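> Input structure: query22.cif, which contains mmCIF, C-alpha atoms.
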data_structure
#
loop_
_atom_site.group_PDB
_atom_site.id
_atom_site.type_symbol
_atom_site.label_atom_id
_atom_site.label_comp_id
_atom_site.auth_asym_id
_atom_site.auth_seq_id
_atom_site.Cartn_x
_atom_site.Cartn_y
_atom_site.Cartn_z
ATOM 1 C CA MET A 131 26.718 9.323 0.374
ATOM 2 C CA SER A 132 25.518 6.195 2.172
ATOM 3 C CA LEU A 133 22.508 4.452 0.639
ATOM 4 C CA PRO A 134 20.444 1.635 2.161
ATOM 5 C CA SER A 135 21.376 -1.882 1.097
ATOM 6 C CA ARG A 136 17.769 -3.017 1.096
ATOM 7 C CA ILE A 137 14.305 -1.451 0.995
ATOM 8 C CA THR A 138 10.769 -2.511 1.832
ATOM 9 C CA LEU A 139 8.598 -2.132 -1.241
ATOM 10 C CA TRP A 140 4.865 -1.612 -0.736
ATOM 11 C CA GLU A 141 2.927 -2.622 -3.838
ATOM 12 C CA ALA A 142 -0.093 -0.370 -4.380
ATOM 13 C CA GLY A 143 -1.368 -1.606 -7.735
ATOM 14 C CA ALA A 144 -4.349 -3.658 -6.619
ATOM 15 C CA ARG A 145 -5.774 -0.883 -4.439
ATOM 16 C CA ASP A 146 -4.470 2.596 -5.200
ATOM 17 C CA GLY A 147 -3.659 1.509 -8.726
ATOM 18 C CA LEU A 148 -7.137 0.260 -9.605
ATOM 19 C CA GLN A 149 -9.373 2.539 -7.529
ATOM 20 C CA ASN A 150 -9.700 5.183 -10.240
ATOM 21 C CA GLU A 151 -10.289 2.846 -13.191
ATOM 22 C CA PRO A 152 -13.389 3.993 -15.118
ATOM 23 C CA GLY A 153 -14.796 0.514 -15.674
ATOM 24 C CA VAL A 154 -15.276 -2.038 -12.910
ATOM 25 C CA VAL A 155 -12.375 -4.484 -12.843
ATOM 26 C CA PRO A 156 -13.676 -8.049 -12.270
ATOM 27 C CA THR A 157 -12.917 -9.556 -8.884
ATOM 28 C CA ASP A 158 -11.246 -12.558 -10.521
ATOM 29 C CA VAL A 159 -8.791 -10.207 -12.250
ATOM 30 C CA LYS A 160 -7.973 -8.497 -8.953
ATOM 31 C CA LEU A 161 -7.400 -11.845 -7.273
ATOM 32 C CA GLU A 162 -5.089 -13.064 -10.026
ATOM 33 C CA LEU A 163 -3.220 -9.757 -9.881
ATOM 34 C CA LEU A 164 -2.671 -10.219 -6.143
ATOM 35 C CA ASP A 165 -1.445 -13.790 -6.723
ATOM 36 C CA ARG A 166 0.947 -12.650 -9.449
ATOM 37 C CA LEU A 167 2.329 -9.805 -7.338
ATOM 38 C CA ALA A 168 3.085 -12.162 -4.458
ATOM 39 C CA ASP A 169 4.777 -14.549 -6.902
ATOM 40 C CA CYS A 170 7.027 -11.677 -8.025
ATOM 41 C CA GLY A 171 8.489 -11.554 -4.517
ATOM 42 C CA LEU A 172 6.519 -8.593 -3.194
ATOM 43 C CA THR A 173 5.958 -9.039 0.539
ATOM 44 C CA HIS A 174 3.863 -5.937 1.315
ATOM 45 C CA ILE A 175 0.762 -5.558 -0.847
ATOM 46 C CA GLU A 176 -2.257 -3.277 -0.668
ATOM 47 C CA ALA A 177 -5.140 -5.663 -1.298
ATOM 48 C CA THR A 178 -8.258 -3.479 -1.252
ATOM 49 C CA SER A 179 -10.088 -0.859 0.794
ATOM 50 C CA PHE A 180 -13.205 -1.012 2.913
ATOM 51 C CA VAL A 181 -14.743 2.254 1.816
ATOM 52 C CA SER A 182 -18.254 3.120 0.711
ATOM 53 C CA PRO A 183 -18.849 1.831 -2.847
ATOM 54 C CA LYS A 184 -20.873 4.995 -3.336
ATOM 55 C CA TRP A 185 -17.642 6.995 -3.278
ATOM 56 C CA VAL A 186 -15.175 4.423 -4.658
ATOM 57 C CA PRO A 187 -17.196 1.902 -6.726
ATOM 58 C CA GLN A 188 -14.078 0.020 -7.810
ATOM 59 C CA MET A 189 -13.553 -1.222 -4.236
ATOM 60 C CA GLY A 190 -17.122 -2.447 -3.796
ATOM 61 C CA ASP A 191 -15.972 -6.092 -3.867
ATOM 62 C CA ALA A 192 -13.552 -5.730 -0.925
ATOM 63 C CA ALA A 193 -15.251 -8.426 1.146
ATOM 64 C CA ASP A 194 -15.186 -10.863 -1.781
ATOM 65 C CA VAL A 195 -11.522 -10.112 -2.455
ATOM 66 C CA MET A 196 -10.504 -10.745 1.154
ATOM 67 C CA THR A 197 -12.676 -13.882 1.401
ATOM 68 C CA ARG A 198 -11.257 -15.487 -1.740
ATOM 69 C CA LEU A 199 -7.678 -14.213 -1.510
ATOM 70 C CA LYS A 200 -5.014 -16.955 -1.515
ATOM 71 C CA ARG A 201 -2.720 -15.581 1.156
ATOM 72 C CA ALA A 202 0.879 -16.291 0.254
ATOM 73 C CA PRO A 203 3.175 -17.149 3.188
ATOM 74 C CA GLY A 204 5.242 -14.199 4.350
ATOM 75 C CA VAL A 205 3.124 -11.593 2.583
ATOM 76 C CA THR A 206 1.461 -8.737 4.470
ATOM 77 C CA TYR A 207 -1.861 -7.836 2.858
ATOM 78 C CA GLN A 208 -2.974 -4.348 3.842
ATOM 79 C CA VAL A 209 -6.448 -2.841 3.528
ATOM 80 C CA LEU A 210 -7.522 0.784 3.779
ATOM 81 C CA THR A 211 -9.940 1.464 6.659
ATOM 82 C CA PRO A 212 -11.045 5.105 6.842
ATOM 83 C CA ASN A 213 -13.412 4.650 9.794
ATOM 84 C CA GLU A 214 -14.641 2.158 12.390
ATOM 85 C CA LYS A 215 -17.116 0.593 9.977
ATOM 86 C CA GLY A 216 -14.243 -0.088 7.595
ATOM 87 C CA TYR A 217 -12.192 -1.499 10.446
ATOM 88 C CA GLU A 218 -15.000 -3.859 11.463
ATOM 89 C CA ALA A 219 -14.975 -5.284 7.940
ATOM 90 C CA ALA A 220 -11.176 -5.572 7.902
ATOM 91 C CA ARG A 221 -11.308 -7.414 11.211
ATOM 92 C CA GLN A 222 -14.117 -9.693 10.044
ATOM 93 C CA TYR A 223 -12.229 -10.711 6.927
ATOM 94 C CA GLY A 224 -8.887 -11.199 8.644
ATOM 95 C CA ALA A 225 -6.770 -8.377 7.256
ATOM 96 C CA PRO A 226 -3.395 -8.476 9.058
ATOM 97 C CA ALA A 227 -2.608 -4.831 8.341
ATOM 98 C CA ILE A 228 -4.711 -1.709 8.009
ATOM 99 C CA ALA A 229 -4.150 1.834 6.828
ATOM 100 C CA VAL A 230 -5.759 5.142 7.760
ATOM 101 C CA PHE A 231 -5.227 8.416 5.991
ATOM 102 C CA ALA A 232 -5.228 12.153 6.523
ATOM 103 C CA ALA A 233 -4.587 15.051 4.170
ATOM 104 C CA ALA A 234 -1.928 17.710 4.573
ATOM 105 C CA SER A 235 -4.296 20.447 3.357
ATOM 106 C CA GLU A 236 -7.636 21.494 4.820
ATOM 107 C CA SER A 237 -9.207 21.850 1.375
ATOM 108 C CA PHE A 238 -8.259 18.341 0.310
ATOM 109 C CA SER A 239 -9.371 16.920 3.656
ATOM 110 C CA LYS A 240 -12.797 18.514 3.316
ATOM 111 C CA ARG A 241 -13.248 17.321 -0.286
ATOM 112 C CA ASN A 242 -11.856 13.828 0.262
ATOM 113 C CA LEU A 243 -12.884 13.038 3.849
ATOM 114 C CA ASN A 244 -15.625 15.619 4.338
ATOM 115 C CA CYS A 245 -13.999 16.896 7.532
ATOM 116 C CA THR A 246 -11.124 19.039 8.781
ATOM 117 C CA ILE A 247 -7.656 17.618 9.385
ATOM 118 C CA ALA A 248 -8.222 17.699 13.148
ATOM 119 C CA GLU A 249 -11.552 15.932 12.763
ATOM 120 C CA SER A 250 -9.974 13.259 10.566
ATOM 121 C CA LEU A 251 -7.381 12.513 13.264
ATOM 122 C CA GLU A 252 -10.130 12.066 15.841
ATOM 123 C CA ARG A 253 -12.124 9.934 13.420
ATOM 124 C CA PHE A 254 -9.404 7.354 12.939
ATOM 125 C CA ARG A 255 -8.039 7.467 16.513
ATOM 126 C CA PRO A 256 -10.336 4.572 17.589
ATOM 127 C CA VAL A 257 -9.472 2.687 14.393
ATOM 128 C CA VAL A 258 -5.759 2.844 15.238
ATOM 129 C CA GLU A 259 -6.394 1.928 18.866
ATOM 130 C CA ARG A 260 -8.518 -1.067 17.940
ATOM 131 C CA GLY A 261 -6.072 -2.184 15.279
ATOM 132 C CA LYS A 262 -3.160 -2.089 17.711
ATOM 133 C CA ALA A 263 -5.188 -3.897 20.383
ATOM 134 C CA ASP A 264 -5.961 -6.627 17.831
ATOM 135 C CA GLY A 265 -2.294 -6.997 16.920
ATOM 136 C CA LYS A 266 -2.565 -5.519 13.433
ATOM 137 C CA ARG A 267 0.072 -3.459 11.690
ATOM 138 C CA VAL A 268 -1.227 0.089 11.280
ATOM 139 C CA ARG A 269 0.014 2.429 8.576
ATOM 140 C CA GLY A 270 -0.893 6.094 8.435
ATOM 141 C CA PHE A 271 -0.959 7.914 5.112
ATOM 142 C CA VAL A 272 -0.494 11.652 4.649
ATOM 143 C CA SER A 273 -1.761 12.711 1.215
ATOM 144 C CA VAL A 274 -0.950 15.845 -0.837
ATOM 145 C CA ALA A 275 2.179 16.297 1.290
ATOM 146 C CA LEU A 276 4.146 18.145 -1.386
ATOM 147 C CA GLY A 277 1.315 19.941 -3.118
ATOM 148 C CA CYS A 278 -2.467 20.201 -3.097
ATOM 149 C CA PRO A 279 -4.638 20.684 -6.220
ATOM 150 C CA PHE A 280 -6.643 23.330 -4.354
ATOM 151 C CA GLU A 281 -4.068 25.065 -2.135
ATOM 152 C CA GLY A 282 -0.777 24.561 -3.947
ATOM 153 C CA GLU A 283 2.541 23.902 -2.200
ATOM 154 C CA GLN A 284 2.377 22.752 1.416
ATOM 155 C CA ASP A 285 4.381 23.989 4.402
ATOM 156 C CA PRO A 286 6.953 21.253 5.197
ATOM 157 C CA LYS A 287 6.848 22.079 8.906
ATOM 158 C CA GLN A 288 3.082 21.573 9.049
ATOM 159 C CA VAL A 289 3.289 18.327 7.072
ATOM 160 C CA ALA A 290 6.000 17.066 9.431
ATOM 161 C CA LEU A 291 3.834 17.937 12.419
ATOM 162 C CA LEU A 292 0.926 15.965 10.956
ATOM 163 C CA CYS A 293 3.222 12.960 10.433
ATOM 164 C CA LYS A 294 4.288 13.188 14.085
ATOM 165 C CA GLN A 295 0.667 13.446 15.249
ATOM 166 C CA MET A 296 -0.227 10.289 13.334
ATOM 167 C CA ALA A 297 2.784 8.452 14.725
ATOM 168 C CA ASP A 298 1.811 9.557 18.240
ATOM 169 C CA LEU A 299 -1.666 8.085 17.709
ATOM 170 C CA GLY A 300 -0.009 4.690 17.322
ATOM 171 C CA CYS A 301 0.634 4.250 13.599
ATOM 172 C CA ASP A 302 3.603 1.933 13.100
ATOM 173 C CA ASP A 303 4.824 3.917 10.123
ATOM 174 C CA ILE A 304 3.769 6.914 8.064
ATOM 175 C CA GLY A 305 3.429 6.892 4.280
ATOM 176 C CA ILE A 306 4.022 10.372 2.899
ATOM 177 C CA GLY A 307 2.244 10.853 -0.413
ATOM 178 C CA ASP A 308 2.951 13.244 -3.266
ATOM 179 C CA THR A 309 -0.594 12.650 -4.477
ATOM 180 C CA ILE A 310 -0.496 14.974 -7.484
ATOM 181 C CA GLY A 311 3.152 14.365 -8.339
ATOM 182 C CA VAL A 312 4.413 17.949 -8.103
ATOM 183 C CA GLY A 313 7.402 17.300 -5.857
ATOM 184 C CA THR A 314 11.029 17.665 -6.872
ATOM 185 C CA PRO A 315 14.117 16.197 -5.155
ATOM 186 C CA ASP A 316 15.038 19.365 -3.265
ATOM 187 C CA LYS A 317 11.501 19.739 -1.921
ATOM 188 C CA VAL A 318 11.469 16.082 -0.899
ATOM 189 C CA LYS A 319 14.702 16.508 1.040
ATOM 190 C CA THR A 320 13.441 19.692 2.698
ATOM 191 C CA LEU A 321 10.291 17.897 3.823
ATOM 192 C CA LEU A 322 12.203 14.891 5.134
ATOM 193 C CA GLU A 323 14.608 17.176 7.017
ATOM 194 C CA GLU A 324 11.609 18.647 8.833
ATOM 195 C CA VAL A 325 10.126 15.212 9.516
ATOM 196 C CA ALA A 326 13.477 13.987 10.874
ATOM 197 C CA LYS A 327 13.388 16.740 13.510
ATOM 198 C CA LEU A 328 10.227 15.203 14.979
ATOM 199 C CA MET A 329 10.491 11.452 14.368
ATOM 200 C CA PRO A 330 12.966 8.888 13.023
ATOM 201 C CA LEU A 331 12.909 8.378 9.269
ATOM 202 C CA ASN A 332 12.882 4.606 9.732
ATOM 203 C CA ARG A 333 9.169 5.068 10.495
ATOM 204 C CA VAL A 334 8.571 6.861 7.190
ATOM 205 C CA GLY A 335 7.719 5.578 3.721
ATOM 206 C CA MET A 336 7.372 7.578 0.502
ATOM 207 C CA HIS A 337 4.588 7.369 -2.077
ATOM 208 C CA PHE A 338 5.248 9.239 -5.325
ATOM 209 C CA HIS A 339 3.050 9.879 -8.333
ATOM 210 C CA ASP A 340 4.755 10.517 -11.661
ATOM 211 C CA THR A 341 2.647 13.362 -13.048
ATOM 212 C CA TYR A 342 5.696 15.470 -13.951
ATOM 213 C CA GLY A 343 8.146 12.600 -14.407
ATOM 214 C CA GLN A 344 9.819 13.228 -11.046
ATOM 215 C CA ALA A 345 8.930 10.043 -9.154
ATOM 216 C CA LEU A 346 12.222 8.182 -9.635
ATOM 217 C CA ALA A 347 14.291 11.290 -8.929
ATOM 218 C CA ASN A 348 12.249 11.900 -5.803
ATOM 219 C CA THR A 349 12.730 8.294 -4.724
ATOM 220 C CA LEU A 350 16.487 8.655 -5.110
ATOM 221 C CA ALA A 351 16.391 11.807 -2.984
ATOM 222 C CA SER A 352 14.488 9.837 -0.324
ATOM 223 C CA LEU A 353 17.019 7.004 -0.463
ATOM 224 C CA GLU A 354 19.819 9.520 0.024
ATOM 225 C CA MET A 355 18.001 10.721 3.142
ATOM 226 C CA GLY A 356 17.902 7.143 4.441
ATOM 227 C CA VAL A 357 14.245 6.268 3.784
ATOM 228 C CA THR A 358 13.943 2.512 3.299
ATOM 229 C CA ALA A 359 10.191 2.059 2.647
ATOM 230 C CA HIS A 360 8.783 3.000 -0.746
ATOM 231 C CA ASP A 361 5.429 2.580 -2.472
ATOM 232 C CA ALA A 362 4.982 1.797 -6.147
ATOM 233 C CA SER A 363 2.318 0.411 -8.449
ATOM 234 C CA VAL A 364 2.763 -2.260 -11.113
ATOM 235 C CA ALA A 365 2.565 -0.850 -14.664
ATOM 236 C CA GLY A 366 2.312 2.658 -13.174
ATOM 237 C CA LEU A 367 -1.382 2.144 -12.437
ATOM 238 C CA GLY A 368 -3.185 4.724 -10.387
ATOM 239 C CA GLY A 369 -4.532 8.151 -9.819
ATOM 240 C CA CYS A 370 -6.708 9.755 -7.195
ATOM 241 C CA PRO A 371 -10.444 10.288 -7.711
ATOM 242 C CA TYR A 372 -10.286 13.346 -5.442
ATOM 243 C CA ALA A 373 -7.167 14.977 -6.911
ATOM 244 C CA PRO A 374 -7.692 16.646 -10.293
ATOM 245 C CA GLY A 375 -4.643 16.178 -12.500
ATOM 246 C CA ALA A 376 -3.145 13.302 -10.551
ATOM 247 C CA THR A 377 -1.801 10.594 -12.844
ATOM 248 C CA GLY A 378 -0.325 7.198 -12.125
ATOM 249 C CA ASN A 379 1.956 6.060 -9.363
ATOM 250 C CA LEU A 380 5.622 5.369 -9.755
ATOM 251 C CA ALA A 381 5.783 2.091 -11.705
ATOM 252 C CA THR A 382 7.086 -0.758 -9.574
ATOM 253 C CA GLU A 383 9.188 -2.180 -12.401
ATOM 254 C CA ASP A 384 10.827 1.214 -13.038
ATOM 255 C CA LEU A 385 11.745 1.425 -9.355
ATOM 256 C CA VAL A 386 13.028 -2.161 -9.181
ATOM 257 C CA TYR A 387 15.168 -1.640 -12.298
ATOM 258 C CA MET A 388 16.788 1.401 -10.672
ATOM 259 C CA LEU A 389 17.305 -0.423 -7.382
ATOM 260 C CA ASP A 390 18.827 -3.447 -9.130
ATOM 261 C CA GLY A 391 21.221 -1.159 -10.962
ATOM 262 C CA MET A 392 22.259 0.469 -7.683
ATOM 263 C CA GLY A 393 22.759 -2.823 -5.855
ATOM 264 C CA ILE A 394 19.845 -2.147 -3.488
ATOM 265 C CA GLU A 395 17.889 -5.304 -2.686
ATOM 266 C CA SER A 396 14.092 -5.320 -3.023
ATOM 267 C CA GLY A 397 13.464 -9.066 -3.226
ATOM 268 C CA VAL A 398 11.462 -8.620 -6.436
ATOM 269 C CA ASP A 399 11.926 -10.621 -9.650
ATOM 270 C CA ILE A 400 11.830 -7.948 -12.346
ATOM 271 C CA LYS A 401 11.102 -10.402 -15.181
ATOM 272 C CA LYS A 402 7.970 -11.716 -13.452
ATOM 273 C CA LEU A 403 7.036 -8.148 -12.567
ATOM 274 C CA VAL A 404 7.246 -6.964 -16.179
ATOM 275 C CA ARG A 405 5.136 -9.910 -17.303
ATOM 276 C CA THR A 406 2.584 -8.979 -14.648
ATOM 277 C CA ALA A 407 2.621 -5.344 -15.791
ATOM 278 C CA TRP A 408 1.768 -6.386 -19.337
ATOM 279 C CA TRP A 409 -0.838 -8.875 -18.156
ATOM 280 C CA ILE A 410 -2.826 -6.374 -16.069
ATOM 281 C CA SER A 411 -2.450 -3.654 -18.695
ATOM 282 C CA GLU A 412 -3.915 -5.943 -21.345
ATOM 283 C CA LYS A 413 -6.815 -6.723 -18.993
ATOM 284 C CA LEU A 414 -7.408 -2.971 -18.742
ATOM 285 C CA GLY A 415 -7.146 -2.485 -22.502
ATOM 286 C CA ARG A 416 -3.977 -0.418 -22.738
ATOM 287 C CA GLU A 417 -0.187 -0.529 -22.549
ATOM 288 C CA PRO A 418 1.778 0.038 -19.330
ATOM 289 C CA VAL A 419 3.028 3.589 -18.853
ATOM 290 C CA SER A 420 6.234 2.129 -17.469
ATOM 291 C CA ARG A 421 9.302 2.576 -19.655
ATOM 292 C CA VAL A 422 10.971 -0.488 -18.178
ATOM 293 C CA ALA A 423 7.945 -2.657 -18.972
ATOM 294 C CA LYS A 424 8.121 -1.529 -22.591
ATOM 295 C CA ALA A 425 11.898 -1.846 -22.843
ATOM 296 C CA LEU A 426 12.019 -5.359 -21.389
ATOM 297 C CA LYS A 427 8.890 -6.777 -23.029
ATOM 298 C CA SER A 428 10.713 -8.562 -25.846
ATOM 299 C CA LYS A 429 13.228 -10.041 -23.396
ATOM 300 C CA VAL A 430 10.844 -11.483 -20.835
ATOM 301 C CA MET A 431 7.554 -12.288 -22.564
#
In structure tokens, how does this file's structure come out?

Amino acid sequence: MSLPSRITLWEAGARDGLQNEPGVVPTDVKLELLDRLADCGLTHIEATSFVSPKWVPQMGDAADVMTRLKRAPGVTYQVLTPNEKGYEAARQYGAPAIAVFAAASESFSKRNLNCTIAESLERFRPVVERGKADGKRVRGFVSVALGCPFEGEQDPKQVALLCKQMADLGCDDIGIGDTIGVGTPDKVKTLLEEVAKLMPLNRVGMHFHDTYGQALANTLASLEMGVTAHDASVAGLGGCPYAPGATGNLATEDLVYMLDGMGIESGVDIKKLVRTAWWISEKLGREPVSRVAKALKSKVM
């Protein structure tokens, strides 16, 4: 089976990874984390999100983060912009890439976005149009694509159709998220087979959570299907404030270790990455959940 020789790795730790932390993470810590991630060789990094601090308090310093961020050459810093107000802020603070998101289930859409799926598409249509007109890269996320905490397993055909609708709106690529981490390799392949009927998989990225320990296996299944864009979060940080039971993302260092072992290039220095995983975990008062971070600690620290 042919596997890609190289992937694009989207680092989610500073945004998706930190958004559900119970205590406010200082802005200076976020900024140093972003600097360290860029120094590891990561070229696509989620920096923050312009959302209401009422709903996601951890991202209340988004403007400060983007103002003070030392932008490393060759690095794409992406911000989440759920509506036009969020886009205005992203534009004001010079974000080169934005992301919008929809949910694969009506229940999750109503609880997370306070609207139906169809309404969410109409809500971010002008955001995508404005982003494209301003020359920004636009990523569309589809959450709970493999399972919803309120509705259970999702219909792959309907999820694929939503991905196609977002691509048709103008999103450059679509990130498909297993938000509660219930997917398994066969279900991932079934979903991607349906997506491939409607759009090329080179416009798709995968975002796995590791709730049931399936994230690496699911990533391998995606690689076997030819997907070359993958999300991960340093130290396995993350969770979703609107998805009961969702635990951390796939740890970036676990993914990079697997890729290195398979001869698939990611451009990431795993030693620096492990040191960064331990650094941010210590700032948060706990150990990384990543097995690779723990296994390599004595060799790289």
> Run the PyMOL selection byres ((chain A and resi 345) around 12) on the file and write out the hits as a ChimeraX atom specification.
/A:307-315,318,336-344,346-352,360-363,366,377-382,384-385,388,420
> If you apply the PyMOL selection byres ((chain A and resi 256-259) around 8) to this file, what residues do you get, as a list in words?
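Here the PyMOL selection byres ((chain A and resi 256-259) around 8) matches Thr211, Asn213, Glu214, Tyr217, Val230, Glu252, Arg253, Phe254, Arg255, Arg260, Gly261, Lys262, Ala263, Val268, Leu299, Gly300 and Cys301 of chain A.
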> Carefully work through the PyMOL selection byres ((chain A and resi 168-184) around 6) for this structure and note down the residues it includes, as a ChimeraX atom specification.
/A:140-142,144-145,165-167,185-187,190,192,205-211,216,397-399,402-403
> With distances taken over all atoms listed in the file, which residue among A:Arg201, A:Arg269, A:Arg416, A:Lys319 lies nearest Glu354 of chain A?
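Under the stated criterion, the closest residue is A:Lys319.
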> So, counting only C-alpha atoms, which residue among A:Glu417, A:Asp191, A:Glu283, A:Asp264 is closest to Pro226 of chain A?
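Using only C-alpha atoms, the shortest distance to Pro226 of chain A belongs to A:Asp264.
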> Counting all atoms listed in the file, which of A:Ser273, A:Ser411, A:Ser132, A:Thr406 gets nearest to Val155 of chain A?
A:Ser411
> One decimal, in Å: what's the spacing between atom CA of Thr358 of chain A and atom CA of Gly391 of chain A?
16.4 Å
> Of the candidates A:Gln188, A:Ser396, A:Ser235, A:Thr157, which shows the shortest atom-to-atom distance to Cys278 of chain A, using all atoms listed in the file?
A:Ser235
> Near Val289 of chain A, counting only C-alpha atoms, which residues have an atom at most 8 Å away, once you skip same-chain residues fewer than 3 positions from it, shown as a list of chain:residue names?
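Contacts, in chain order: A:Ala234, A:Ala275, A:Gln284, A:Asp285, A:Pro286, A:Leu292, A:Cys293, A:Leu321, A:Val325.
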> Hey, can you check how far atom CA of Asp302 of chain A sits from atom CA of Gly265 of chain A?
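Interatomic distance here is 11.4 Å.
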> Can you work out which one of A:Arg221, A:Arg198, A:Lys317, A:Arg241 has the shortest atom-to-atom distance to Lys160 of chain A, counting all atoms listed in the file?
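That would be A:Arg198, the residue with the smallest distance to Lys160 of chain A.
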> One number please: atom CA of Ser237 of chain A to atom CA of Val154 of chain A, in Å, one decimal.
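Between atom CA of Ser237 of chain A and atom CA of Val154 of chain A the gap works out to 28.5 Å.
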